[in-house]
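What follows is the content of run-v3.cif, which has mmCIF, C-alpha atoms and all ligand atoms:
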```cif
data_run
#
loop_
_atom_site.label_atom_id
_atom_site.label_comp_id
_atom_site.auth_asym_id
_atom_site.auth_seq_id
_atom_site.Cartn_x
_atom_site.Cartn_y
_atom_site.Cartn_z
CA MET A 1 -0.53 7.12 -32.04
CA ALA A 2 2.82 5.31 -32.14
CA LYS A 3 2.57 1.53 -32.39
CA ILE A 4 3.59 -0.45 -29.31
CA SER A 5 5.67 -3.58 -29.71
CA THR A 6 7.79 -3.60 -26.52
CA ILE A 7 6.82 -2.64 -23.00
CA GLY A 8 8.98 -2.02 -19.96
CA ILE A 9 7.79 -2.93 -16.49
CA LEU A 10 9.06 -1.74 -13.13
CA THR A 11 8.11 -1.71 -9.46
CA SER A 12 8.82 1.41 -7.44
CA GLY A 13 8.52 2.75 -3.89
CA GLY A 14 7.70 0.46 -0.96
CA ASP A 15 7.30 -3.18 -1.96
CA ALA A 16 3.89 -4.77 -1.47
CA PRO A 17 2.78 -8.42 -1.45
CA GLY A 18 1.22 -9.18 -4.83
CA MET A 19 3.67 -7.10 -6.85
CA ASN A 20 5.09 -10.33 -8.27
CA ALA A 21 1.63 -11.49 -9.29
CA ALA A 22 1.20 -8.15 -11.09
CA ILE A 23 4.59 -8.44 -12.84
CA ARG A 24 3.65 -11.94 -13.93
CA ALA A 25 0.24 -10.87 -15.22
CA VAL A 26 1.59 -7.89 -17.16
CA THR A 27 4.43 -9.98 -18.65
CA ARG A 28 2.24 -12.85 -19.74
CA ALA A 29 -0.62 -10.66 -21.01
CA ALA A 30 1.85 -8.62 -23.08
CA ILE A 31 3.43 -11.78 -24.56
CA PHE A 32 -0.08 -13.17 -25.22
CA ASN A 33 -0.71 -9.92 -27.11
CA GLY A 34 2.39 -10.44 -29.25
CA TRP A 35 4.54 -7.81 -27.50
CA LYS A 36 8.04 -8.05 -26.08
CA VAL A 37 8.70 -7.35 -22.41
CA LYS A 38 11.69 -5.77 -20.69
CA GLY A 39 12.06 -6.06 -16.92
CA ILE A 40 13.49 -2.90 -15.37
CA TYR A 41 15.26 -3.55 -12.04
CA ARG A 42 15.18 -1.21 -8.98
CA GLY A 43 12.41 1.02 -10.26
CA TYR A 44 13.21 4.34 -11.88
CA GLU A 45 16.75 4.05 -10.54
CA GLY A 46 17.25 0.99 -12.77
CA LEU A 47 15.84 2.84 -15.77
CA ILE A 48 18.39 5.61 -15.20
CA ASN A 49 21.22 3.07 -14.68
CA ASN A 50 20.12 0.81 -17.54
CA GLU A 51 19.41 -2.26 -15.38
CA ILE A 52 17.12 -3.78 -17.98
CA LYS A 53 16.68 -7.43 -19.03
CA ASP A 54 14.54 -9.26 -21.56
CA PHE A 55 11.59 -10.94 -19.87
CA THR A 56 9.99 -14.14 -21.11
CA SER A 57 7.03 -16.07 -19.83
CA GLU A 58 9.51 -18.22 -17.87
CA SER A 59 11.03 -15.14 -16.19
CA VAL A 60 7.90 -14.93 -14.07
CA SER A 61 7.38 -18.66 -13.44
CA ASN A 62 6.96 -19.64 -9.80
CA THR A 63 6.57 -16.06 -8.61
CA ILE A 64 2.83 -15.55 -8.02
CA GLN A 65 3.09 -16.88 -4.46
CA ARG A 66 6.17 -14.87 -3.45
CA GLY A 67 6.20 -11.68 -1.41
CA GLY A 68 8.39 -8.66 -2.24
CA THR A 69 9.22 -7.91 -5.85
CA VAL A 70 11.49 -9.97 -8.11
CA LEU A 71 12.23 -6.76 -10.02
CA LYS A 72 13.42 -5.16 -6.77
CA THR A 73 12.43 -1.61 -5.96
CA ALA A 74 13.84 1.74 -4.94
CA ARG A 75 12.89 5.30 -4.14
CA SER A 76 14.82 7.33 -6.73
CA ASP A 77 15.93 10.88 -5.95
CA GLU A 78 17.57 11.20 -9.35
CA PHE A 79 14.29 10.55 -11.15
CA MET A 80 12.92 13.66 -9.43
CA THR A 81 15.29 15.74 -11.57
CA VAL A 82 14.88 16.70 -15.23
CA GLU A 83 18.37 15.30 -15.96
CA GLY A 84 17.52 11.97 -14.30
CA ARG A 85 14.33 11.62 -16.32
CA GLN A 86 16.24 12.46 -19.51
CA LYS A 87 18.69 9.59 -18.79
CA ALA A 88 15.74 7.31 -18.10
CA TYR A 89 14.13 8.30 -21.41
CA ASP A 90 17.36 7.78 -23.35
CA ASN A 91 17.72 4.26 -21.89
CA MET A 92 14.11 3.51 -22.64
CA LYS A 93 14.61 4.40 -26.29
CA ALA A 94 17.98 2.57 -26.47
CA ASN A 95 16.22 -0.59 -25.24
CA GLY A 96 13.37 -0.17 -27.73
CA ILE A 97 10.76 0.29 -25.01
CA ASP A 98 7.61 1.97 -26.35
CA ALA A 99 5.50 2.11 -23.18
CA LEU A 100 5.95 1.77 -19.45
CA ILE A 101 3.95 -0.10 -16.83
CA VAL A 102 4.66 1.24 -13.34
CA ILE A 103 3.58 -0.70 -10.26
CA GLY A 104 3.72 1.39 -7.10
CA GLY A 105 2.10 3.89 -4.81
CA ASN A 106 1.44 7.58 -4.88
CA GLY A 107 5.01 8.80 -5.42
CA SER A 108 5.67 6.23 -8.14
CA LEU A 109 2.57 7.17 -10.11
CA ALA A 110 3.37 10.87 -9.65
CA GLY A 111 6.78 10.09 -11.22
CA ALA A 112 5.06 8.31 -14.12
CA GLN A 113 2.79 11.29 -14.69
CA VAL A 114 5.67 13.78 -14.95
CA PHE A 115 7.70 11.40 -17.14
CA ALA A 116 4.75 10.83 -19.47
CA GLN A 117 4.13 14.55 -19.86
CA GLU A 118 7.78 15.49 -20.33
CA HIS A 119 8.68 12.82 -22.88
CA ASP A 120 5.32 11.88 -24.38
CA VAL A 121 5.73 8.28 -23.18
CA PRO A 122 2.64 6.07 -22.81
CA CYS A 123 2.48 5.07 -19.14
CA ILE A 124 0.03 2.87 -17.30
CA GLY A 125 0.05 2.59 -13.51
CA LEU A 126 -0.97 -0.27 -11.26
CA PRO A 127 -1.75 0.58 -7.61
CA GLY A 128 0.85 -1.34 -5.60
CA THR A 129 1.02 -0.29 -1.95
CA ILE A 130 -0.06 -1.70 1.38
CA ASP A 131 -1.46 1.73 2.31
CA ASN A 132 -4.58 1.56 0.11
CA ASP A 133 -4.35 5.32 -0.28
CA LEU A 134 -4.85 5.75 -4.03
CA TYR A 135 -8.03 7.49 -5.08
CA GLY A 136 -10.34 5.73 -7.55
CA THR A 137 -9.62 2.13 -6.62
CA ASP A 138 -11.39 0.23 -3.86
CA SER A 139 -8.22 -1.64 -3.05
CA THR A 140 -4.52 -1.57 -3.85
CA ILE A 141 -2.25 -4.56 -4.44
CA GLY A 142 -0.80 -5.61 -1.06
CA TYR A 143 -3.40 -4.01 1.17
CA ASP A 144 -5.37 -7.20 1.87
CA THR A 145 -2.23 -9.17 2.73
CA ALA A 146 -0.90 -6.46 5.04
CA LEU A 147 -4.27 -6.21 6.74
CA ASN A 148 -4.28 -9.95 7.36
CA THR A 149 -0.71 -9.81 8.66
CA ILE A 150 -1.66 -7.08 11.14
CA VAL A 151 -4.73 -8.98 12.31
CA GLU A 152 -2.66 -12.12 12.86
CA CYS A 153 -0.15 -10.12 14.94
CA VAL A 154 -2.83 -8.35 16.97
CA ASP A 155 -4.53 -11.69 17.72
CA LYS A 156 -1.23 -12.81 19.24
CA ILE A 157 -0.84 -9.58 21.18
CA ARG A 158 -4.35 -10.12 22.55
CA ASP A 159 -3.28 -13.46 24.06
CA THR A 160 -0.50 -11.90 26.07
CA ALA A 161 -2.49 -8.72 26.84
CA THR A 162 -5.31 -10.78 28.33
CA SER A 163 -2.94 -12.97 30.32
CA HIS A 164 -1.37 -9.89 31.95
CA ASP A 165 -4.44 -7.60 32.10
CA ARG A 166 -2.57 -5.08 29.96
CA ILE A 167 -3.31 -2.21 27.58
CA PHE A 168 -1.45 -2.35 24.26
CA PHE A 169 -0.97 0.46 21.79
CA VAL A 170 -0.11 -1.14 18.45
CA GLU A 171 1.29 1.10 15.73
CA VAL A 172 0.63 0.13 12.11
CA MET A 173 1.72 1.53 8.74
CA GLY A 174 -0.43 3.45 6.28
CA ARG A 175 1.63 6.56 5.58
CA ASP A 176 -0.98 9.38 5.69
CA ALA A 177 -4.03 7.12 5.59
CA GLY A 178 -5.88 5.16 8.27
CA PHE A 179 -7.27 2.24 6.22
CA LEU A 180 -4.93 -0.37 7.71
CA ALA A 181 -5.49 0.94 11.25
CA GLN A 182 -9.28 1.25 11.10
CA ASN A 183 -9.96 -2.04 9.37
CA SER A 184 -7.45 -4.07 11.36
CA ALA A 185 -9.05 -2.68 14.54
CA ILE A 186 -12.45 -3.93 13.41
CA ALA A 187 -11.11 -7.32 12.28
CA ALA A 188 -9.06 -7.92 15.43
CA GLY A 189 -11.77 -6.74 17.81
CA ALA A 190 -9.62 -3.88 19.10
CA GLU A 191 -11.05 -1.37 21.54
CA ALA A 192 -10.16 1.71 19.49
CA ALA A 193 -8.34 3.00 16.43
CA ILE A 194 -6.50 6.29 16.17
CA ILE A 195 -6.45 7.45 12.56
CA PRO A 196 -5.67 10.72 10.76
CA GLU A 197 -9.17 10.95 9.25
CA ASP A 198 -10.80 11.32 12.68
CA GLN A 199 -10.19 13.35 15.83
CA THR A 200 -8.98 11.55 18.95
CA ASP A 201 -9.69 12.95 22.37
CA VAL A 202 -7.07 11.29 24.56
CA ASP A 203 -8.98 12.06 27.78
CA GLN A 204 -12.06 10.37 26.40
CA LEU A 205 -9.99 7.42 25.21
CA GLY A 206 -8.50 7.00 28.70
CA GLN A 207 -11.93 7.14 30.31
CA PHE A 208 -13.28 4.64 27.80
CA ILE A 209 -10.46 2.16 28.46
CA SER A 210 -10.82 2.60 32.20
CA ARG A 211 -14.59 2.03 32.04
CA GLY A 212 -13.97 -1.17 30.07
CA PHE A 213 -11.63 -2.51 32.76
CA ARG A 214 -14.11 -1.61 35.52
CA LYS A 215 -16.91 -3.41 33.68
CA SER A 216 -15.41 -6.70 32.59
CA LYS A 217 -12.58 -6.32 30.11
CA ASN A 218 -9.21 -7.66 31.12
CA SER A 219 -7.22 -6.25 28.22
CA SER A 220 -7.44 -3.36 25.78
CA ILE A 221 -5.91 -2.90 22.37
CA VAL A 222 -5.67 0.45 20.61
CA ILE A 223 -4.45 0.47 17.01
CA VAL A 224 -2.57 3.65 16.16
CA SER A 225 -1.90 4.72 12.59
CA GLU A 226 1.70 5.79 11.99
CA SER A 227 0.29 8.82 10.22
CA LYS A 228 -0.48 10.50 13.53
CA LYS A 229 2.24 13.12 13.43
CA ASP A 230 2.18 13.79 17.18
CA GLY A 231 4.35 10.82 18.08
CA GLY A 232 2.32 7.73 17.22
CA ALA A 233 1.67 4.83 19.60
CA MET A 234 4.36 5.88 22.07
CA TYR A 235 2.77 9.29 22.54
CA TYR A 236 -0.72 7.92 23.22
CA ALA A 237 0.62 5.18 25.48
CA ASN A 238 2.52 7.75 27.57
CA ARG A 239 -0.53 9.98 27.89
CA VAL A 240 -2.67 7.10 29.16
CA ARG A 241 0.15 5.77 31.35
CA ASN A 242 0.57 9.16 33.04
CA GLU A 243 -3.12 9.65 33.67
CA TYR A 244 -3.87 6.05 34.70
CA PRO A 245 -0.74 4.80 36.52
CA GLN A 246 -2.72 1.83 37.83
CA TYR A 247 -2.73 0.25 34.35
CA ASP A 248 0.08 -1.72 32.78
CA VAL A 249 0.64 -0.19 29.33
CA ARG A 250 2.78 -1.59 26.51
CA VAL A 251 3.62 -0.47 22.97
CA THR A 252 4.24 -2.62 19.88
CA ILE A 253 5.34 -1.10 16.58
CA LEU A 254 4.73 -3.67 13.87
CA GLY A 255 7.04 -1.99 11.33
CA HIS A 256 8.19 -3.58 8.09
CA LEU A 257 6.94 -7.07 8.82
CA GLN A 258 3.63 -5.66 7.56
CA ARG A 259 5.11 -5.42 4.07
CA GLY A 260 6.42 -8.97 3.78
CA GLY A 261 4.96 -12.42 3.34
CA LYS A 262 3.06 -14.43 0.76
CA PRO A 263 0.31 -12.44 -0.93
CA SER A 264 -3.25 -13.44 0.00
CA ALA A 265 -5.49 -15.02 -2.65
CA VAL A 266 -7.39 -11.71 -2.81
CA ASP A 267 -4.19 -9.81 -3.66
CA ARG A 268 -3.05 -12.41 -6.19
CA ILE A 269 -6.39 -12.23 -8.00
CA LEU A 270 -6.50 -8.43 -7.85
CA ALA A 271 -2.93 -8.16 -9.19
CA SER A 272 -3.68 -10.67 -11.97
CA ARG A 273 -6.83 -8.84 -13.06
CA LEU A 274 -5.16 -5.41 -12.97
CA GLY A 275 -2.10 -6.70 -14.83
CA VAL A 276 -4.13 -8.14 -17.68
CA ALA A 277 -6.28 -5.00 -17.78
CA ALA A 278 -3.15 -2.82 -18.02
CA ILE A 279 -2.15 -4.47 -21.29
CA GLU A 280 -5.71 -4.31 -22.62
CA ALA A 281 -5.81 -0.60 -21.73
CA LEU A 282 -2.57 0.11 -23.59
CA ASN A 283 -3.85 -1.87 -26.57
CA GLU A 284 -7.04 0.22 -26.58
CA GLY A 285 -4.97 3.39 -26.70
CA GLN A 286 -5.33 4.38 -23.04
CA ARG A 287 -2.49 6.54 -21.74
CA ASN A 288 -1.49 7.92 -18.37
CA VAL A 289 -4.12 6.18 -16.30
CA MET A 290 -3.99 3.97 -13.24
CA ILE A 291 -5.92 0.73 -13.53
CA GLY A 292 -8.17 0.33 -10.52
CA ILE A 293 -11.05 -1.75 -9.26
CA SER A 294 -14.38 -0.24 -8.26
CA ASN A 295 -17.39 -2.32 -7.27
CA ASP A 296 -15.55 -5.34 -8.68
CA ARG A 297 -15.21 -3.73 -12.13
CA ILE A 298 -11.98 -2.58 -13.78
CA VAL A 299 -11.74 1.22 -14.02
CA TYR A 300 -9.27 3.65 -15.58
CA VAL A 301 -8.34 6.50 -13.26
CA PRO A 302 -6.35 9.44 -14.70
CA PHE A 303 -3.04 9.84 -12.85
CA SER A 304 -4.04 13.39 -11.89
CA LYS A 305 -7.02 12.04 -9.91
CA ALA A 306 -5.39 8.91 -8.47
CA ILE A 307 -2.53 10.81 -6.87
CA LYS A 308 -4.05 14.22 -6.13
CA ILE A 309 -7.42 13.44 -4.61
CA ASP A 310 -7.48 12.19 -1.01
CA LYS A 311 -9.18 8.82 -0.76
CA PRO A 312 -11.86 9.18 1.91
CA ILE A 313 -12.35 6.58 4.61
CA ASP A 314 -15.93 5.36 4.97
CA LYS A 315 -17.18 6.97 8.21
CA GLU A 316 -19.41 3.94 8.69
CA LEU A 317 -16.25 1.98 9.59
CA ILE A 318 -15.61 4.35 12.48
CA ASN A 319 -19.16 3.83 13.68
CA VAL A 320 -18.87 0.03 13.41
CA LEU A 321 -15.80 -0.02 15.64
CA ASN A 322 -17.39 2.33 18.16
CA VAL A 323 -20.54 0.23 18.40
CA LEU A 324 -18.69 -3.08 18.70
CA SER A 325 -16.03 -2.06 21.19
CA ILE A 326 -18.35 -1.11 24.09
O1 LIG A 401 4.03 3.19 1.40
C1 LIG A 401 4.32 1.97 2.02
C2 LIG A 401 5.00 2.19 3.34
O2 LIG A 401 5.21 0.91 3.92
C3 LIG A 401 4.27 3.11 4.32
O3 LIG A 401 3.21 2.47 4.97
C4 LIG A 401 5.40 3.53 5.23
O4 LIG A 401 5.13 4.78 5.81
C5 LIG A 401 6.56 3.61 4.29
O5 LIG A 401 6.26 2.80 3.17
C6 LIG A 401 7.88 3.14 4.87
O6 LIG A 401 8.88 3.36 3.93
P1 LIG A 401 10.36 2.78 4.03
O7 LIG A 401 10.31 1.31 3.76
O8 LIG A 401 11.10 3.52 2.98
O9 LIG A 401 10.83 3.05 5.41
#
```
Could you quickly redo this structure as structure tokens?
Amino acid sequence: MAKISTIGILTSGGDAPGMNAAIRAVTRAAIFNGWKVKGIYRGYEGLINNEIKDFTSESVSNTIQRGGTVLKTARSDEFMTVEGRQKAYDNMKANGIDALIVIGGNGSLAGAQVFAQEHDVPCIGLPGTIDNDLYGTDSTIGYDTALNTIVECVDKIRDTATSHDRIFFVEVMGRDAGFLAQNSAIAAGAEAAIIPEDQTDVDQLGQFISRGFRKSKNSSIVIVSESKKDGGAMYYANRVRNEYPQYDVRVTILGHLQRGGKPSAVDRILASRLGVAAIEALNEGQRNVMIGISNDRIVYVPFSKAIKIDKPIDKELINVLNVLSI
């Protein structure tokens, strides 16, 4: 196995709070290990365009508390091509990079897997996405912060909803997964969550909301996962509005504010642990795995599993919301 003396690090895909904490941890753990570090800017796009700088311990000073990614990020179409990956490989070699640490979500780790196979490059992935949709890890870097951001927003929406006796449909991110929607609904005391992992009967939902108003509730909040391909929050709001014209219905789409902000302590600690573990894994000879956390222990998840297997949502969470929203 070829000796490693220099690693390259990049962030790719949607940014997530805690990516900077991960960059910092990888950089410092590598330097601690006696290796050199190269920061690759704008993800795979930067590898193709040779946007690469030497990273020192100071390069990552004063970054653990900052949202976004100091390395910047991109979704690279060129890296999807054989020619693009060849350019990326040539730049990697020209910069003396022996191994790559990729921080990102599903698409980014899928890119790392193809690159590793094609060019026999040691790659280690860190799960960095607010969506929490990577199989084999209990949480991804950024998920906890985004969840807290959503809950803070929904608490505010509840104030105005209650004051006006209104129904709000709040759309949240998550790509094809309902983790953010389901768990923010529980944490914010929402009346219902509409997620891709479960069926939603709109007639039943309307009746349920209506019953709540007749009993005692003077507002209702339904969290809708963006992954619902039938039109999201606007679609469900219109259905309820048409069938119950007596209710005042509003829609809020939280959008990209869910991705910003200071990372929570939970995300900073997770990113720090995963970053250090990534360097230990490379040192041990691990290749082409994502570093995850399961039952509070570090685990190595082969790329093939992390990106190909759907991460199931715990059905107990659906039950908890149903029981508590009566
Ligand atoms: O994967 C993170 C994520 O924020 C998803 O939740 C969302 O669907 C997507 O990225 C949005 O991507 P973009 O910032 O490119 O619009």
Original post:
Hey, which of A:Tyr300, A:Phe115, A:Tyr247, A:Tyr143 ends up closest to A:Ala161? Count all atoms listed in the file.
Top reply: A:Tyr247
**OP:** Give the residues close to ligand LIG 401 (chain A), within 8 Å, counting all atoms listed in the file; write them as a ChimeraX atom specification.
**Re:** /A:13-16,75,105,129-131,172-176,226-227,256,258-259
Original post:
In terms of the shortest atom-to-atom distance over all atoms listed in the file, which of A:Val121, A:Asn20, A:Tyr44, A:Thr6 is closest to A:Thr81?
Top reply: A:Tyr44
Original post:
Leaving out stretch 36-38 of chain A and any residue of its chain fewer than 5 positions from it, which residues lie within 6 Å of it when counting only C-alpha atoms, given as an MDAnalysis selection string?
Top reply: chainID A and resid 6:8 53:55
Would you output that residue set with C-alpha atoms, as a tab-separated table (two decimals), keeping the file's coordinate frame?
```tsv
chain	number	residue	atom	x	y	z
A	6	THR	CA	7.79	-3.60	-26.52
A	7	ILE	CA	6.82	-2.64	-23.00
A	8	GLY	CA	8.98	-2.02	-19.96
A	53	LYS	CA	16.68	-7.43	-19.03
A	54	ASP	CA	14.54	-9.26	-21.56
A	55	PHE	CA	11.59	-10.94	-19.87
```
**OP:** Go ahead and find all residues with at least one atom no further than 12 Å from (2.1, 7.4, -5.6) in the file's coordinates, using all atoms listed in the file; report them as a ChimeraX atom specification.
**Re:** /A:11-14,75,102-114,125-135,140,175-176,290,303-310
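When the distance limit is 7 Å and all atoms listed in the file are what count, the residues near stretch 187-191 of chain A, minus those fewer than 4 positions from it on the same chain, are Val151, Val154, Asp155, Asn183, Ser220, Ile221, Val222 and Ser325 of chain A.
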**OP:** Determine, counting all atoms listed in the file, which protein, DNA and RNA residues have an atom within 12 Å of an atom of A:Thr160; residues of the same chain fewer than 6 positions away are not included. Present the result as a ChimeraX atom specification.
**Re:** /A:153-154,166-168,218-221,250
Please enclose the listed atoms of stretch 254-262 of chain A in an axis-aligned box, pad each side by 4 Å, and write out the centre and the three edge lengths in Å, rounded to one decimal, as AutoDock Vina command-line options.
```
--center_x 5.6 --center_y -8.2 --center_z 7.3 --size_x 13.1 --size_y 20.4 --size_z 21.1
```
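You can rank A:Glu58, A:Tyr244, A:Pro312, A:Trp35 by their closest distance to A:Arg211 using only C-alpha atoms, and at the top of that list sits A:Tyr244.
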**OP:** Please provide the set of residues having any atom within 9 Å of A:Arg287, restricted to only C-alpha atoms, with same-chain residues fewer than 5 positions apart removed, written as a list in words.
**Re:** Ala116, Val121, Pro122, Cys123, Ile124, Ala281, Leu282 and Pro302 of chain A
Original post:
Which of these, A:Ala237, A:Ile326, A:Leu274, A:Ala192, has the shortest distance to A:Lys215 once you count only C-alpha atoms?
Top reply: A:Ile326
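The space separating atom CA of A:Phe179 from atom CA of A:Asp165 comes to 27.8 Å.
The closest residue to A:Asn148, picked from A:Val323, A:Ala94, A:Ala185, A:Ala193 and counting only C-alpha atoms, is A:Ala185.
Our summary of the geometry notes that atom CA of A:Gly275 is positioned 7.5 Å from atom CA of A:Ala29.
Of note, atom CA of A:Gly231 and atom CA of A:Ser210 are spaced 22.3 Å apart.
Proximity of A:Gly232, A:Gly212, A:Gly68, A:Gly43 to A:Ala22, computed with all atoms listed in the file, is greatest for A:Gly68.
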Subject >> Shell of 7 Å around stretch 46-49 of chain A, all atoms listed in the file, local chain residues under 4 positions omitted, as a PyMOL selection string >> reply: chain A and resi 40-42+84+87-88+91
Add whatever atoms are absent from stretch 241-249 of chain A to reach all heavy atoms, and provide the output as an mmCIF file, keeping the file's coordinate frame.
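Writing done, so here's selection.cif:
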```
data_model
loop_
_atom_site.group_PDB
_atom_site.id
_atom_site.type_symbol
_atom_site.label_atom_id
_atom_site.label_comp_id
_atom_site.auth_asym_id
_atom_site.auth_seq_id
_atom_site.Cartn_x
_atom_site.Cartn_y
_atom_site.Cartn_z
ATOM 1 N N ARG A 241 -0.677 6.258 30.241
ATOM 2 C CA ARG A 241 0.150 5.770 31.350
ATOM 3 C C ARG A 241 0.246 6.831 32.467
ATOM 4 O O ARG A 241 0.106 6.530 33.640
ATOM 5 C CB ARG A 241 1.548 5.484 30.795
ATOM 6 C CG ARG A 241 2.373 4.542 31.622
ATOM 7 C CD ARG A 241 3.717 4.335 30.937
ATOM 8 N NE ARG A 241 3.792 3.124 30.150
ATOM 9 C CZ ARG A 241 4.374 3.027 28.957
ATOM 10 N NH1 ARG A 241 4.901 4.090 28.375
ATOM 11 N NH2 ARG A 241 4.417 1.883 28.333
ATOM 12 N N ASN A 242 0.442 8.079 32.051
ATOM 13 C CA ASN A 242 0.570 9.160 33.040
ATOM 14 C C ASN A 242 -0.744 9.396 33.783
ATOM 15 O O ASN A 242 -0.755 9.644 34.982
ATOM 16 C CB ASN A 242 0.981 10.477 32.362
ATOM 17 C CG ASN A 242 2.417 10.401 31.923
ATOM 18 O OD1 ASN A 242 3.172 9.555 32.416
ATOM 19 N ND2 ASN A 242 2.807 11.248 30.984
ATOM 20 N N GLU A 243 -1.840 9.341 33.041
ATOM 21 C CA GLU A 243 -3.120 9.650 33.670
ATOM 22 C C GLU A 243 -3.720 8.460 34.425
ATOM 23 O O GLU A 243 -4.535 8.635 35.325
ATOM 24 C CB GLU A 243 -4.111 10.165 32.625
ATOM 25 C CG GLU A 243 -3.832 11.637 32.288
ATOM 26 C CD GLU A 243 -4.454 12.083 30.981
ATOM 27 O OE1 GLU A 243 -5.617 11.742 30.758
ATOM 28 O OE2 GLU A 243 -3.745 12.757 30.198
ATOM 29 N N TYR A 244 -3.329 7.255 34.037
ATOM 30 C CA TYR A 244 -3.870 6.050 34.700
ATOM 31 C C TYR A 244 -2.700 5.145 35.113
ATOM 32 O O TYR A 244 -2.509 4.059 34.550
ATOM 33 C CB TYR A 244 -4.811 5.289 33.747
ATOM 34 C CG TYR A 244 -6.013 6.096 33.338
ATOM 35 C CD1 TYR A 244 -5.955 6.925 32.225
ATOM 36 C CD2 TYR A 244 -7.195 6.039 34.069
ATOM 37 C CE1 TYR A 244 -7.050 7.692 31.855
ATOM 38 C CE2 TYR A 244 -8.301 6.799 33.705
ATOM 39 C CZ TYR A 244 -8.211 7.625 32.595
ATOM 40 O OH TYR A 244 -9.305 8.381 32.241
ATOM 41 N N PRO A 245 -1.946 5.571 36.142
ATOM 42 C CA PRO A 245 -0.740 4.800 36.520
ATOM 43 C C PRO A 245 -1.064 3.396 37.023
ATOM 44 O O PRO A 245 -0.176 2.540 37.085
ATOM 45 C CB PRO A 245 -0.100 5.654 37.610
ATOM 46 C CG PRO A 245 -1.104 6.674 37.993
ATOM 47 C CD PRO A 245 -2.106 6.800 36.924
ATOM 48 N N GLN A 246 -2.336 3.165 37.345
ATOM 49 C CA GLN A 246 -2.720 1.830 37.830
ATOM 50 C C GLN A 246 -2.711 0.771 36.714
ATOM 51 O O GLN A 246 -2.724 -0.426 36.988
ATOM 52 C CB GLN A 246 -4.109 1.857 38.508
ATOM 53 C CG GLN A 246 -5.315 2.119 37.629
ATOM 54 C CD GLN A 246 -5.623 3.615 37.411
ATOM 55 O OE1 GLN A 246 -4.733 4.439 37.367
ATOM 56 N NE2 GLN A 246 -6.895 3.932 37.258
ATOM 57 N N TYR A 247 -2.697 1.227 35.450
ATOM 58 C CA TYR A 247 -2.730 0.250 34.350
ATOM 59 C C TYR A 247 -1.330 -0.034 33.817
ATOM 60 O O TYR A 247 -0.464 0.835 33.804
ATOM 61 C CB TYR A 247 -3.621 0.750 33.200
ATOM 62 C CG TYR A 247 -5.075 0.853 33.599
ATOM 63 C CD1 TYR A 247 -5.784 2.024 33.385
ATOM 64 C CD2 TYR A 247 -5.727 -0.220 34.210
ATOM 65 C CE1 TYR A 247 -7.112 2.119 33.758
ATOM 66 C CE2 TYR A 247 -7.052 -0.124 34.587
ATOM 67 C CZ TYR A 247 -7.742 1.045 34.371
ATOM 68 O OH TYR A 247 -9.036 1.141 34.755
ATOM 69 N N ASP A 248 -1.184 -1.258 33.349
ATOM 70 C CA ASP A 248 0.080 -1.720 32.780
ATOM 71 C C ASP A 248 0.004 -1.508 31.257
ATOM 72 O O ASP A 248 -0.789 -2.187 30.578
ATOM 73 C CB ASP A 248 0.194 -3.212 33.118
ATOM 74 C CG ASP A 248 1.623 -3.680 33.150
ATOM 75 O OD1 ASP A 248 2.515 -2.843 32.929
ATOM 76 O OD2 ASP A 248 1.825 -4.882 33.408
ATOM 77 N N VAL A 249 0.769 -0.568 30.743
ATOM 78 C CA VAL A 249 0.640 -0.190 29.330
ATOM 79 C C VAL A 249 1.886 -0.621 28.547
ATOM 80 O O VAL A 249 3.009 -0.442 29.013
ATOM 81 C CB VAL A 249 0.461 1.349 29.203
ATOM 82 C CG1 VAL A 249 0.351 1.772 27.740
ATOM 83 C CG2 VAL A 249 -0.759 1.818 29.979
#
```
